[in-house]
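Participant: Following this line is protein_35.txt, made up of compact mmCIF, C-alpha atoms:
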# COMPACT_ATOMS: atom_id res chain seq x y z
CA MET A 1 145.56 -45.88 129.61
CA SER A 2 147.87 -48.19 127.71
CA VAL A 3 147.68 -51.96 128.10
CA GLU A 4 150.49 -54.34 127.30
CA LYS A 5 149.94 -56.56 124.27
CA LYS A 6 151.88 -59.72 123.57
CA ALA A 7 153.90 -59.67 120.37
CA HIS A 8 155.65 -62.58 118.69
CA ALA A 9 159.14 -62.41 117.22
CA ALA A 10 160.47 -65.10 114.91
CA SER A 11 163.51 -67.15 115.80
CA GLY A 12 166.63 -65.29 114.79
CA TRP A 13 168.61 -68.37 113.77
CA ALA A 14 166.51 -69.21 110.73
CA MET A 15 166.48 -65.57 109.62
CA LEU A 16 170.24 -65.42 110.18
CA LEU A 17 170.74 -68.15 107.58
CA VAL A 18 168.45 -66.32 105.17
CA VAL A 19 170.37 -63.06 105.58
CA PHE A 20 173.76 -64.74 105.18
CA ALA A 21 172.54 -66.54 102.06
CA GLY A 22 171.15 -63.29 100.68
CA PHE A 23 174.45 -61.46 101.26
CA ALA A 24 176.34 -64.34 99.61
CA LEU A 25 174.07 -64.36 96.53
CA SER A 26 174.20 -60.59 96.25
CA THR A 27 177.99 -60.68 96.45
CA VAL A 28 178.19 -63.39 93.77
CA ALA A 29 175.84 -61.46 91.49
CA PHE A 30 177.86 -58.28 91.97
CA VAL A 31 181.18 -60.06 91.24
CA TYR A 32 179.86 -61.77 88.08
CA SER A 33 178.42 -58.49 86.83
CA ILE A 34 181.79 -56.79 87.29
CA ILE A 35 183.50 -59.63 85.43
CA GLY A 36 180.99 -59.39 82.58
CA LEU A 37 181.38 -55.62 82.32
CA ALA A 38 185.18 -55.92 82.37
CA GLU A 39 185.26 -58.52 79.57
CA ALA A 40 182.90 -56.46 77.41
CA ASP A 41 185.10 -53.40 77.85
CA LYS A 42 188.27 -55.41 77.19
CA TYR A 43 187.10 -56.86 73.90
CA GLY A 44 185.07 -53.84 72.82
CA LEU A 45 181.81 -55.75 72.90
CA MET A 46 178.35 -54.46 73.70
CA THR A 47 177.59 -54.47 77.42
CA PRO A 48 175.61 -57.65 78.09
CA PRO A 49 172.17 -57.06 79.64
CA TRP A 50 172.66 -59.88 82.14
CA ALA A 51 175.70 -58.11 83.58
CA ILE A 52 173.71 -54.92 84.16
CA ALA A 53 170.83 -56.93 85.67
CA MET A 54 173.16 -58.81 88.00
CA LEU A 55 174.85 -55.55 89.02
CA ILE A 56 171.51 -54.01 89.92
CA ALA A 57 170.41 -57.21 91.69
CA GLY A 58 173.64 -57.32 93.69
CA ILE A 59 173.32 -53.69 94.83
CA VAL A 60 169.61 -54.00 95.64
CA GLY A 61 170.26 -57.30 97.44
CA TRP A 62 172.91 -55.72 99.65
CA LEU A 63 170.58 -52.85 100.53
CA VAL A 64 167.61 -55.12 101.27
CA PHE A 65 169.51 -57.60 103.41
CA SER A 66 171.32 -54.78 105.23
CA VAL A 67 167.91 -53.49 106.26
CA LEU A 68 166.75 -56.98 107.26
CA ALA A 69 169.88 -57.45 109.37
CA ASN A 70 168.74 -54.58 111.61
CA GLY A 71 165.84 -56.72 112.80
CA PHE A 72 167.98 -58.99 114.98
CA PHE A 73 167.97 -58.62 118.75
CA THR A 74 168.59 -60.78 121.80
CA LEU A 75 166.63 -61.01 125.03
CA GLN A 76 167.95 -62.38 128.31
CA PRO A 77 165.71 -63.86 131.02
CA GLY A 78 163.90 -61.01 132.73
CA GLN A 79 163.98 -58.69 129.71
CA ALA A 80 161.34 -57.58 127.23
CA ARG A 81 161.32 -55.50 124.06
CA VAL A 82 158.65 -52.94 123.29
CA CYS A 83 157.78 -52.84 119.57
CA VAL A 84 156.71 -49.46 118.19
CA LEU A 85 156.21 -49.02 114.43
CA PHE A 86 156.16 -45.38 113.33
CA GLY A 87 154.65 -44.29 116.64
CA ASP A 88 152.11 -47.14 116.82
CA TYR A 89 152.52 -49.60 119.70
CA LYS A 90 152.43 -53.14 118.30
CA GLY A 91 153.19 -55.22 121.38
CA THR A 92 155.86 -56.46 123.75
CA VAL A 93 158.15 -59.42 123.07
CA ARG A 94 159.15 -61.47 126.12
CA ASP A 95 160.65 -64.50 124.31
CA GLU A 96 164.25 -65.24 125.26
CA GLY A 97 167.20 -65.82 122.96
CA LEU A 98 168.05 -64.55 119.47
CA ARG A 99 164.98 -63.06 117.81
CA TRP A 100 164.11 -61.23 114.62
CA ALA A 101 161.33 -58.71 114.17
CA ASN A 102 160.37 -55.94 111.79
CA PRO A 103 163.57 -53.89 111.25
CA PHE A 104 161.49 -50.70 111.16
CA TYR A 105 160.44 -51.09 114.78
CA SER A 106 161.70 -48.13 116.75
CA ARG A 107 164.97 -48.77 118.53
CA GLY A 108 164.77 -45.64 120.67
CA LEU A 109 161.64 -44.62 122.54
CA GLY A 110 162.98 -41.21 123.56
CA THR A 111 162.45 -40.67 127.28
CA SER A 112 162.89 -37.17 128.65
CA ASN A 113 166.22 -37.85 130.38
CA SER A 114 167.70 -40.36 127.96
CA SER A 115 170.71 -39.87 125.74
CA ASP A 116 170.60 -39.23 122.02
CA SER A 117 169.97 -42.91 121.38
CA GLY A 118 166.58 -42.58 123.06
CA MET A 119 166.74 -45.99 124.71
CA ALA A 120 164.50 -47.08 127.57
CA GLU A 121 166.45 -49.78 129.43
CA ILE A 122 166.34 -49.93 133.22
CA SER A 123 169.60 -50.74 134.95
CA GLU A 124 169.70 -54.26 136.38
CA GLY A 125 171.24 -53.16 139.68
CA GLY A 126 169.92 -50.87 142.38
CA MET A 127 167.94 -47.76 141.74
CA ASN A 128 170.58 -45.11 141.12
CA PHE A 129 168.71 -42.13 139.78
CA SER A 130 170.49 -39.43 137.82
CA PHE A 131 168.59 -36.54 136.37
CA GLY A 132 171.08 -35.84 133.62
CA LYS A 133 171.67 -37.88 130.49
CA LYS A 134 171.92 -41.62 130.83
CA LYS A 135 173.14 -44.31 128.52
CA ASN A 136 170.94 -47.21 127.52
CA ALA A 137 172.68 -49.76 125.39
CA HIS A 138 169.75 -52.00 124.50
CA GLY A 139 167.42 -49.78 122.52
CA SER A 140 163.78 -50.45 123.28
CA LYS A 141 164.52 -53.27 125.71
CA ILE A 142 163.22 -52.97 129.25
CA SER A 143 164.04 -55.01 132.33
CA VAL A 144 161.15 -56.75 134.09
CA ARG A 145 163.29 -58.13 136.89
CA ALA A 146 162.74 -57.32 140.55
CA ARG A 147 164.84 -54.42 141.79
CA THR A 148 165.11 -52.38 144.96
CA LEU A 149 164.77 -48.72 145.78
CA ASN A 150 166.72 -47.75 148.89
CA GLY A 151 165.08 -44.53 149.97
CA GLU A 152 166.90 -41.75 151.75
CA ARG A 153 166.13 -40.76 155.31
CA LEU A 154 163.23 -38.33 155.42
CA LYS A 155 162.27 -35.96 158.23
CA VAL A 156 158.48 -36.06 158.66
CA ASN A 157 155.91 -35.42 161.37
CA ASP A 158 154.02 -38.33 162.90
CA LYS A 159 150.37 -38.32 163.93
CA MET A 160 151.11 -36.34 167.10
CA GLY A 161 153.23 -33.77 165.24
CA ASN A 162 156.58 -35.05 166.53
CA PRO A 163 159.43 -34.77 163.98
CA ILE A 164 160.88 -38.19 163.17
CA GLU A 165 163.40 -39.64 160.73
CA ILE A 166 162.18 -42.51 158.59
CA ALA A 167 163.46 -44.49 155.58
CA THR A 168 162.20 -47.42 153.53
CA VAL A 169 163.31 -50.02 151.00
CA VAL A 170 160.89 -50.99 148.22
CA VAL A 171 161.13 -54.10 146.02
CA TRP A 172 159.35 -53.48 142.73
CA ARG A 173 159.20 -54.67 139.14
CA VAL A 174 157.72 -53.52 135.83
CA ALA A 175 154.57 -55.58 135.29
CA ASP A 176 153.08 -53.69 132.32
CA THR A 177 155.69 -52.35 129.90
CA ALA A 178 153.16 -50.32 127.90
CA LYS A 179 152.02 -48.34 130.95
CA ALA A 180 155.60 -47.88 132.16
CA LEU A 181 156.78 -46.35 128.88
CA PHE A 182 153.69 -44.58 127.53
CA ASP A 183 151.57 -43.51 130.52
CA VAL A 184 154.29 -41.75 132.52
CA ASP A 185 157.17 -39.63 131.33
CA ASP A 186 159.93 -41.43 133.25
CA TYR A 187 158.84 -44.34 135.40
CA GLU A 188 162.13 -44.57 137.33
CA SER A 189 161.75 -41.03 138.62
CA TYR A 190 158.03 -41.63 139.08
CA VAL A 191 158.71 -44.59 141.39
CA SER A 192 161.18 -42.52 143.40
CA MET A 193 158.84 -39.56 143.84
CA VAL A 194 155.77 -41.67 144.63
CA THR A 195 157.71 -43.69 147.21
CA GLU A 196 158.73 -40.51 149.02
CA THR A 197 155.22 -39.05 149.06
CA ALA A 198 153.65 -42.37 150.13
CA LEU A 199 156.13 -42.75 152.98
CA ARG A 200 155.39 -39.22 154.20
CA HIS A 201 151.65 -39.91 154.06
CA VAL A 202 151.82 -43.23 155.91
CA ALA A 203 154.14 -41.80 158.59
CA SER A 204 151.65 -39.01 159.28
CA LEU A 205 148.85 -41.52 159.97
CA TYR A 206 150.44 -43.15 163.02
CA ALA A 207 152.11 -42.01 166.22
CA TYR A 208 155.74 -42.93 166.82
CA ASP A 209 154.98 -44.78 170.04
CA HIS A 210 152.13 -45.43 172.47
CA MET A 211 153.38 -42.87 174.97
CA ALA A 212 152.88 -40.20 172.32
CA ASP A 213 149.32 -41.33 171.65
CA ASP A 214 146.15 -40.45 173.52
CA ASP A 215 144.93 -44.06 173.66
CA GLU A 216 145.18 -45.20 177.27
CA ASN A 217 144.75 -48.85 176.32
CA ALA A 218 147.77 -48.73 174.01
CA ASN A 219 145.88 -50.69 171.33
CA THR A 220 146.46 -48.31 168.42
CA ILE A 221 148.96 -49.03 165.65
CA THR A 222 152.24 -47.19 166.07
CA LEU A 223 155.31 -46.90 163.89
CA ARG A 224 157.68 -48.46 166.41
CA THR A 225 155.66 -51.39 167.73
CA ASN A 226 153.62 -52.38 164.66
CA ILE A 227 156.20 -52.69 161.88
CA GLU A 228 154.25 -55.36 159.97
CA GLU A 229 151.02 -53.34 159.89
CA VAL A 230 152.81 -50.13 158.88
CA SER A 231 154.76 -51.94 156.14
CA GLU A 232 151.55 -53.46 154.78
CA ALA A 233 149.88 -50.04 154.75
CA LEU A 234 152.88 -48.59 152.89
CA LYS A 235 152.82 -51.44 150.36
CA SER A 236 149.10 -50.93 149.71
CA GLU A 237 149.60 -47.19 149.23
CA LEU A 238 152.47 -47.73 146.80
CA SER A 239 150.62 -50.43 144.84
CA ARG A 240 147.65 -48.13 144.35
CA LYS A 241 149.70 -45.14 143.21
CA LEU A 242 152.22 -47.04 141.06
CA ALA A 243 149.57 -49.03 139.17
CA VAL A 244 149.26 -46.14 136.70
CA ALA A 245 152.89 -46.70 135.71
CA GLY A 246 152.54 -50.47 135.32
CA VAL A 247 154.73 -51.09 138.37
CA GLU A 248 154.05 -53.92 140.81
CA VAL A 249 155.30 -53.63 144.40
CA ASP A 250 156.55 -56.93 145.86
CA ASP A 251 157.51 -55.64 149.30
CA ALA A 252 158.00 -52.43 151.29
CA ARG A 253 159.80 -52.27 154.63
CA LEU A 254 160.99 -49.57 157.01
CA THR A 255 164.78 -49.51 157.31
CA HIS A 256 165.19 -46.59 159.70
CA LEU A 257 162.95 -45.07 162.36
CA ALA A 258 164.02 -42.60 165.04
CA TYR A 259 163.09 -39.29 166.57
CA ALA A 260 164.59 -36.25 164.88
CA GLN A 261 167.78 -34.93 166.39
CA GLU A 262 166.21 -31.81 167.90
CA ILE A 263 163.84 -33.82 170.16
CA ALA A 264 165.78 -37.08 170.49
CA GLN A 265 167.29 -36.18 173.90
CA ALA A 266 163.96 -35.03 175.32
CA MET A 267 162.20 -38.17 174.11
CA LEU A 268 165.02 -40.33 175.52
CA ARG A 269 164.56 -38.75 178.94
CA ARG A 270 160.83 -39.33 178.65
CA GLN A 271 161.36 -42.98 177.79
CA GLN A 272 163.73 -43.33 180.74
CA ALA A 273 161.16 -41.74 183.04
CA GLU A 274 158.49 -44.12 181.75
CA ALA A 275 160.80 -47.05 182.40
CA VAL A 276 161.61 -45.84 185.93
CA ILE A 277 157.92 -45.36 186.76
CA ALA A 278 157.06 -48.82 185.45
CA ALA A 279 159.88 -50.38 187.48
CA ARG A 280 158.87 -48.50 190.65
CA LYS A 281 155.26 -49.59 190.20
CA LYS A 282 156.33 -53.20 189.98
CA ILE A 283 158.56 -52.89 193.05
CA VAL A 284 155.83 -51.26 195.13
CA GLU A 285 153.29 -53.90 194.15
CA GLY A 286 155.68 -56.64 195.23
CA ALA A 287 156.61 -54.87 198.45
CA VAL A 288 152.96 -54.36 199.46
CA SER A 289 152.21 -58.05 198.95
CA MET A 290 155.28 -59.03 201.01
CA VAL A 291 154.38 -56.67 203.87
CA ASP A 292 150.81 -57.93 203.91
CA MET A 293 152.05 -61.51 203.99
CA ALA A 294 154.50 -60.75 206.83
CA VAL A 295 151.81 -59.14 208.97
CA GLU A 296 149.40 -62.03 208.40
CA MET A 297 152.03 -64.66 209.26
CA LEU A 298 152.97 -62.85 212.49
CA ALA A 299 149.31 -62.61 213.48
CA GLU A 300 148.66 -66.28 212.75
CA GLY A 301 151.43 -67.49 215.02
CA GLY A 302 149.92 -65.89 218.12
CA ASN A 303 153.29 -65.40 219.81
CA ILE A 304 153.61 -61.75 218.85
CA GLU A 305 150.74 -59.36 219.29
CA LEU A 306 150.98 -56.00 217.54
CA ASP A 307 148.59 -53.15 217.81
CA ASP A 308 147.64 -51.02 214.84
CA GLU A 309 150.39 -48.49 215.53
CA ARG A 310 153.11 -51.12 215.64
CA LYS A 311 151.75 -52.77 212.52
CA ALA A 312 151.87 -49.44 210.69
CA GLN A 313 155.45 -48.84 211.90
CA MET A 314 156.56 -52.32 210.82
CA ALA A 315 154.89 -51.88 207.43
CA SER A 316 156.65 -48.53 207.01
CA ASN A 317 160.03 -50.05 207.87
CA LEU A 318 159.53 -52.98 205.50
CA MET A 319 158.49 -50.67 202.68
CA VAL A 320 161.63 -48.60 203.17
CA VAL A 321 163.80 -51.71 203.10
CA LEU A 322 162.11 -53.29 200.09
CA CYS A 323 161.69 -50.14 197.96
CA GLY A 324 164.96 -48.36 198.74
CA ASP A 325 167.64 -47.99 196.08
CA SER A 326 170.45 -48.72 198.57
CA ASP A 327 170.88 -51.30 201.31
CA ALA A 328 169.08 -50.47 204.52
CA GLN A 329 171.15 -49.64 207.67
CA PRO A 330 169.12 -50.97 210.63
CA VAL A 331 169.22 -49.39 214.10
CA LEU A 332 169.05 -51.92 216.94
CA ASN A 333 167.15 -51.06 220.09
CA THR A 334 168.67 -52.87 223.11
CA GLY A 335 166.20 -51.43 225.60
CA SER A 336 162.60 -52.27 226.18
CA LEU A 337 160.12 -52.37 223.34
CA TYR A 338 158.45 -49.19 224.65
Translate this structure into structure tokens?

Facilitator:
Amino acid sequence: MSVEKKAHAASGWAMLLVVFAGFALSTVAFVYSIIGLAEADKYGLMTPPWAIAMLIAGIVGWLVFSVLANGFFTLQPGQARVCVLFGDYKGTVRDEGLRWANPFYSRGLGTSNSSDSGMAEISEGGMNFSFGKKKNAHGSKISVRARTLNGERLKVNDKMGNPIEIATVVVWRVADTAKALFDVDDYESYVSMVTETALRHVASLYAYDHMADDDENANTITLRTNIEEVSEALKSELSRKLAVAGVEVDDARLTHLAYAQEIAQAMLRRQQAEAVIAARKKIVEGAVSMVDMAVEMLAEGGNIELDDERKAQMASNLMVVLCGDSDAQPVLNTGSLY
């Protein structure tokens, strides 16, 4: 596997003065050689050797400094340039500003889906993948800034086999430029594909909710109630798989989680039933405690004596009043108690 090496590029300002001075001297030599050749032709004299030498020096100087001028490049904060000399990786320059390096360093690294310029720049915005030709205007530059991948909604099966819809957003950056460019064919597409497969794998490890899990204690990790744990598991999975491409994952979060459309209504009714049962259980527990308290308070007073049958009837009436959905309509007995 490739490993990033640090390369040094000289300051471009000093080399800029050298190139300008070289072009100026070459131009002066060329002009004086033309003047010398013109005077010799005008007066019918022998061509002076110095004129020929200056002509050759002027032409060679223009060619040499034209080649040297191709070594200039600029780097903004968060950018790096990968230096490849005739197929041999020499290192990565991360110094900012105007720089100058070997003009024979490759300016196009030739990815599989790049344009004819063969450039390898990542867009600075969001991850908009296109599998046709793309334009890269910075040659062998590569962005090492943090960027996001907003994944599409995927339909997967959870641990219990229920179809769910899930989506994620991943914040990632290129940490090793050598691995990103040389160990995978196209690291942008690689990040997209690995994110999808990792999300499918993590979603299949957990149930959507506790009611869909066999654990009666409801202590297992689920997709809906344990977002932090699931996100951490997804980040670990992505970090492990994307390390081969020199990509570092800063964060991974779920942005969408829901049952698939074909079972959403059934699961909604199930959730409603669970909520109704839980509410009824709470109401019954409260009603039983109130009935028990009422019976005990009546017995403690000593003014009213109830046999077991009357106690059971009173408890039944109180339970109906306390647990009913609608207001109770009492029936008054104006006769004797019996």

Participant: Give me, as a Markdown table, the closest atom pair and its distance (Å, one decimal) for every residue of segment 166-225 of chain A within a cut-off of 12 Å of segment 74-84 of chain A, counting all atoms listed in the file, rows sorted by chain and rising number.

Facilitator:
| residue | atom | partner | partner_atom | distance |
| --- | --- | --- | --- | --- |
| A:Arg173 | CA | A:Gly78 | CA | 10.2 |
| A:Val174 | CA | A:Gln79 | CA | 10.2 |
| A:Ala175 | CA | A:Ala80 | CA | 10.7 |
| A:Asp176 | CA | A:Ala80 | CA | 10.5 |
| A:Thr177 | CA | A:Val82 | CA | 7.3 |
| A:Ala178 | CA | A:Val82 | CA | 7.6 |
| A:Lys179 | CA | A:Val82 | CA | 11.1 |
| A:Ala180 | CA | A:Val82 | CA | 10.7 |
| A:Leu181 | CA | A:Val82 | CA | 8.8 |
| A:Phe182 | CA | A:Val82 | CA | 10.6 |

Participant: Between atom CA of Val93 of chain A and atom CA of Leu242 of chain A, what is the distance, to one decimal in Å?

Facilitator: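 Value for the atom CA of Val93 of chain A-atom CA of Leu242 of chain A distance: 22.6 Å.
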
Participant: Just to confirm, what's the straight-line distance from atom CA of Thr148 of chain A to atom CA of Val249 of chain A in Å (one decimal)?

Facilitator: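 For atom CA of Thr148 of chain A relative to atom CA of Val249 of chain A, the distance reads 9.9 Å.
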
Participant: Of the candidates A:Val171, A:Leu205, A:Val295, A:Ala38, which shows the shortest atom-to-atom distance to Asp251 of chain A, using all atoms listed in the file?

Facilitator: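 Among A:Val171, A:Leu205, A:Val295, A:Ala38, it is A:Val171 that comes nearest to Asp251 of chain A.
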
Participant: Could you tell me how far atom CA of Gly58 of chain A lies from atom CA of Val28 of chain A, in Å and to one decimal?

Facilitator: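 Computing it gives 7.6 Å between the two atoms.
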
Participant: Taking (157.4, -63.2, 125.7) as a centre in this file's frame and 8 Å as the limit, can you find every polymer residue with an atom that close, using all atoms listed in the file, and give them as a list in words?

Facilitator: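 I get Lys6, Ala7, His8, Ala80, Thr92, Val93, Arg94, Asp95 and Glu96 of chain A for the residues within 8 Å of that point.
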
Participant: Select, from A:Gly246, A:Val230, A:Phe73, A:Pro49, the residue with the minimum atom-to-atom distance to Val144 of chain A, counting all atoms listed in the file.

Facilitator: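 Counting all atoms listed in the file, the residue closest to Val144 of chain A is A:Gly246.
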
Participant: Taking into account only C-alpha atoms, which residue in the set A:Ala167, A:Ile227, A:Leu238, A:Val156 is nearest to Thr195 of chain A?

Facilitator: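 Counting only C-alpha atoms, the residue closest to Thr195 of chain A is A:Leu238.
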